[in-house]
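The structure appears below as structure tokens.
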Amino acid sequence: MYRQPKQSITVTEAIKKMEHYCAYQERCHKDIEDKLKTMSLIPEAREKIILHLLEHNFLNEERFAQSFARGKFRIKKWGKQRIIRELKYRQISAYNIKTALKEISEEDYIKTFHELAEKKNEALKEVDRNKKRKKLTDYLLYRGWETNLVFDKAKELVPY
């Protein structure tokens, strides 16, 4: 079977595509670099495109981190530990991570944690108290909530 060679793309076309890609949703440097690698451009062209995106404010790491933290907390109900882990995976600087976490108010954070824990506790149909406590604890830790909060809440909801 005959396969056509990959169409080459000009830098101008790539810039337009990447502008659209960034305008659609906040992106981090890692997302952009991964996307550019799929376009099989030479390194100089990739650098030029990233520079263009930065200069025209399509790519802003601090804005990405803040948006990411707000979204994952509000929509997915992730705790700070999970948000930090995911931002580090995306190679976001410590300064930007700290700034991003300021987007979450302490009051909302605690309120959301208690609501999530109580909702999950109600949903668990486990009869054995130890297994139920473990399932609740594992769920909350996976979601990235702090261990001290998780263990205290598990003791409160599923006493020994």
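Here, A, B, ... name the chains of the structure tokens in the order displayed, residue numbers run from 1 inside each chain, and ligands are numbered from 1 in the same displayed order.
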- Item | Residues near Arg27 in chain A, cut-off 8 Å, only C-alpha atoms, skip fewer than 6 positions along chain, as a PyMOL selection string | chain A and resi 59-61+64
- as a count of residues only, please: all residues of chain A that backbone DSSP puts in alpha helix (DSSP H). 112
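Nearest-residue note for Glu47 in chain A: choosing from A:Lys119, A:Gln66, A:Ile15, A:Glu26, the minimum distance belongs to A:Ile15, counting only C-alpha atoms.
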- Write out as an MDAnalysis selection string each polymer residue whose atoms come within 8 Å of Ile83 in chain A, counting only C-alpha atoms; drop sequence neighbours fewer than 6 positions from it. chainID A and resid 69 72:73 144
- Item | Selected residue of minimal separation from Leu116 in chain A among A:Ala154, A:Glu86, A:Ile92, A:Thr99, counting only C-alpha atoms |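 With only C-alpha atoms as the atom set, the closest residue is A:Ala154.
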- What separation in Å, quoted to one decimal, exists between CA of Ile32 in chain A and CA of Ile50 in chain A?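 Pair CA of Ile32 in chain A / CA of Ile50 in chain A returns 7.6 Å.
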- Hey, what's within 12 Å of range 102-110 of chain A if we count only C-alpha atoms and toss same-chain stuff fewer than 4 positions away? As number ranges by chain, please? A: 62-74, 77-80, 83, 95-98, 114-117, 144-146, 149-150, 153
- Atom pair CA of Phe113 in chain A / CA of Ala94 in chain A: separation (Å):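 That distance, rounded to one decimal, is 24.1 Å.
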- Message: Report, in Å with one decimal, the straight-line distance from CA of Thr112 in chain A to CA of Asp128 in chain A.
- Response: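 One can read the CA of Thr112 in chain A to CA of Asp128 in chain A distance as 26.3 Å.
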- Excluding Leu36 in chain A and residues on its chain fewer than 4 positions from it, collect all residues at most 10 Å away from it, counting only C-alpha atoms, and give them as a list in words.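 Contacts, in chain order: Ala14, Ile15, Lys17, Met18, Lys30, Asp31, Ile32, Ser40, Leu41, Ile42, Pro43, Ala45, Arg46, Glu47, Ile49 and Ile50 of chain A.
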Okay, now the selection with N, CA, C and O atoms, as a PDB file, in the first residue's frame?
```
ATOM      1  N   ALA A  14       2.329  26.954  10.953  1.00  0.00           N
ATOM      2  CA  ALA A  14       2.484  26.378  12.291  1.00  0.00           C
ATOM      3  C   ALA A  14       2.154  27.411  13.364  1.00  0.00           C
ATOM      4  O   ALA A  14       1.491  27.094  14.357  1.00  0.00           O
ATOM      5  N   ILE A  15       2.580  28.656  13.156  1.00  0.00           N
ATOM      6  CA  ILE A  15       2.282  29.728  14.121  1.00  0.00           C
ATOM      7  C   ILE A  15       0.771  29.911  14.225  1.00  0.00           C
ATOM      8  O   ILE A  15       0.231  29.985  15.325  1.00  0.00           O
ATOM      9  N   LYS A  17      -1.593  27.738  13.574  1.00  0.00           N
ATOM     10  CA  LYS A  17      -2.156  26.572  14.258  1.00  0.00           C
ATOM     11  C   LYS A  17      -1.931  26.652  15.762  1.00  0.00           C
ATOM     12  O   LYS A  17      -2.823  26.360  16.563  1.00  0.00           O
ATOM     13  N   MET A  18      -0.724  27.035  16.154  1.00  0.00           N
ATOM     14  CA  MET A  18      -0.383  27.090  17.575  1.00  0.00           C
ATOM     15  C   MET A  18      -1.106  28.239  18.282  1.00  0.00           C
ATOM     16  O   MET A  18      -1.467  28.116  19.445  1.00  0.00           O
ATOM     17  N   LYS A  30       5.320  22.656  28.034  1.00  0.00           N
ATOM     18  CA  LYS A  30       5.431  21.226  27.720  1.00  0.00           C
ATOM     19  C   LYS A  30       4.381  20.826  26.678  1.00  0.00           C
ATOM     20  O   LYS A  30       4.688  20.090  25.740  1.00  0.00           O
ATOM     21  N   ASP A  31       3.137  21.299  26.834  1.00  0.00           N
ATOM     22  CA  ASP A  31       2.081  21.000  25.861  1.00  0.00           C
ATOM     23  C   ASP A  31       2.482  21.489  24.471  1.00  0.00           C
ATOM     24  O   ASP A  31       2.311  20.787  23.477  1.00  0.00           O
ATOM     25  N   ILE A  32       2.994  22.716  24.422  1.00  0.00           N
ATOM     26  CA  ILE A  32       3.378  23.336  23.149  1.00  0.00           C
ATOM     27  C   ILE A  32       4.519  22.558  22.494  1.00  0.00           C
ATOM     28  O   ILE A  32       4.465  22.238  21.301  1.00  0.00           O
ATOM     29  N   SER A  40       6.764  17.784  13.215  1.00  0.00           N
ATOM     30  CA  SER A  40       8.091  17.504  12.647  1.00  0.00           C
ATOM     31  C   SER A  40       8.759  18.743  12.038  1.00  0.00           C
ATOM     32  O   SER A  40       9.080  18.784  10.857  1.00  0.00           O
ATOM     33  N   LEU A  41       8.917  19.752  12.904  1.00  0.00           N
ATOM     34  CA  LEU A  41       9.614  20.977  12.511  1.00  0.00           C
ATOM     35  C   LEU A  41      11.054  20.919  13.015  1.00  0.00           C
ATOM     36  O   LEU A  41      11.340  20.215  13.988  1.00  0.00           O
ATOM     37  N   ILE A  42      11.927  21.675  12.402  1.00  0.00           N
ATOM     38  CA  ILE A  42      13.315  21.724  12.882  1.00  0.00           C
ATOM     39  C   ILE A  42      13.355  22.505  14.204  1.00  0.00           C
ATOM     40  O   ILE A  42      12.490  23.364  14.442  1.00  0.00           O
ATOM     41  N   PRO A  43      14.331  22.227  15.057  1.00  0.00           N
ATOM     42  CA  PRO A  43      14.404  22.899  16.367  1.00  0.00           C
ATOM     43  C   PRO A  43      14.377  24.432  16.298  1.00  0.00           C
ATOM     44  O   PRO A  43      13.737  25.068  17.129  1.00  0.00           O
ATOM     45  N   ALA A  45      12.869  26.319  14.134  1.00  0.00           N
ATOM     46  CA  ALA A  45      11.487  26.737  13.848  1.00  0.00           C
ATOM     47  C   ALA A  45      10.633  26.617  15.108  1.00  0.00           C
ATOM     48  O   ALA A  45       9.823  27.499  15.400  1.00  0.00           O
ATOM     49  N   ARG A  46      10.836  25.534  15.858  1.00  0.00           N
ATOM     50  CA  ARG A  46      10.071  25.346  17.112  1.00  0.00           C
ATOM     51  C   ARG A  46      10.367  26.475  18.084  1.00  0.00           C
ATOM     52  O   ARG A  46       9.455  27.024  18.702  1.00  0.00           O
ATOM     53  N   GLU A  47      11.652  26.836  18.197  1.00  0.00           N
ATOM     54  CA  GLU A  47      12.039  27.945  19.093  1.00  0.00           C
ATOM     55  C   GLU A  47      11.403  29.251  18.657  1.00  0.00           C
ATOM     56  O   GLU A  47      10.907  30.019  19.481  1.00  0.00           O
ATOM     57  N   ILE A  49       8.663  29.689  16.994  1.00  0.00           N
ATOM     58  CA  ILE A  49       7.214  29.644  17.251  1.00  0.00           C
ATOM     59  C   ILE A  49       6.926  29.884  18.740  1.00  0.00           C
ATOM     60  O   ILE A  49       6.054  30.681  19.088  1.00  0.00           O
ATOM     61  N   ILE A  50       7.680  29.223  19.610  1.00  0.00           N
ATOM     62  CA  ILE A  50       7.493  29.400  21.058  1.00  0.00           C
ATOM     63  C   ILE A  50       7.745  30.852  21.442  1.00  0.00           C
ATOM     64  O   ILE A  50       6.982  31.446  22.212  1.00  0.00           O
TER      65      ILE A  50
END
```
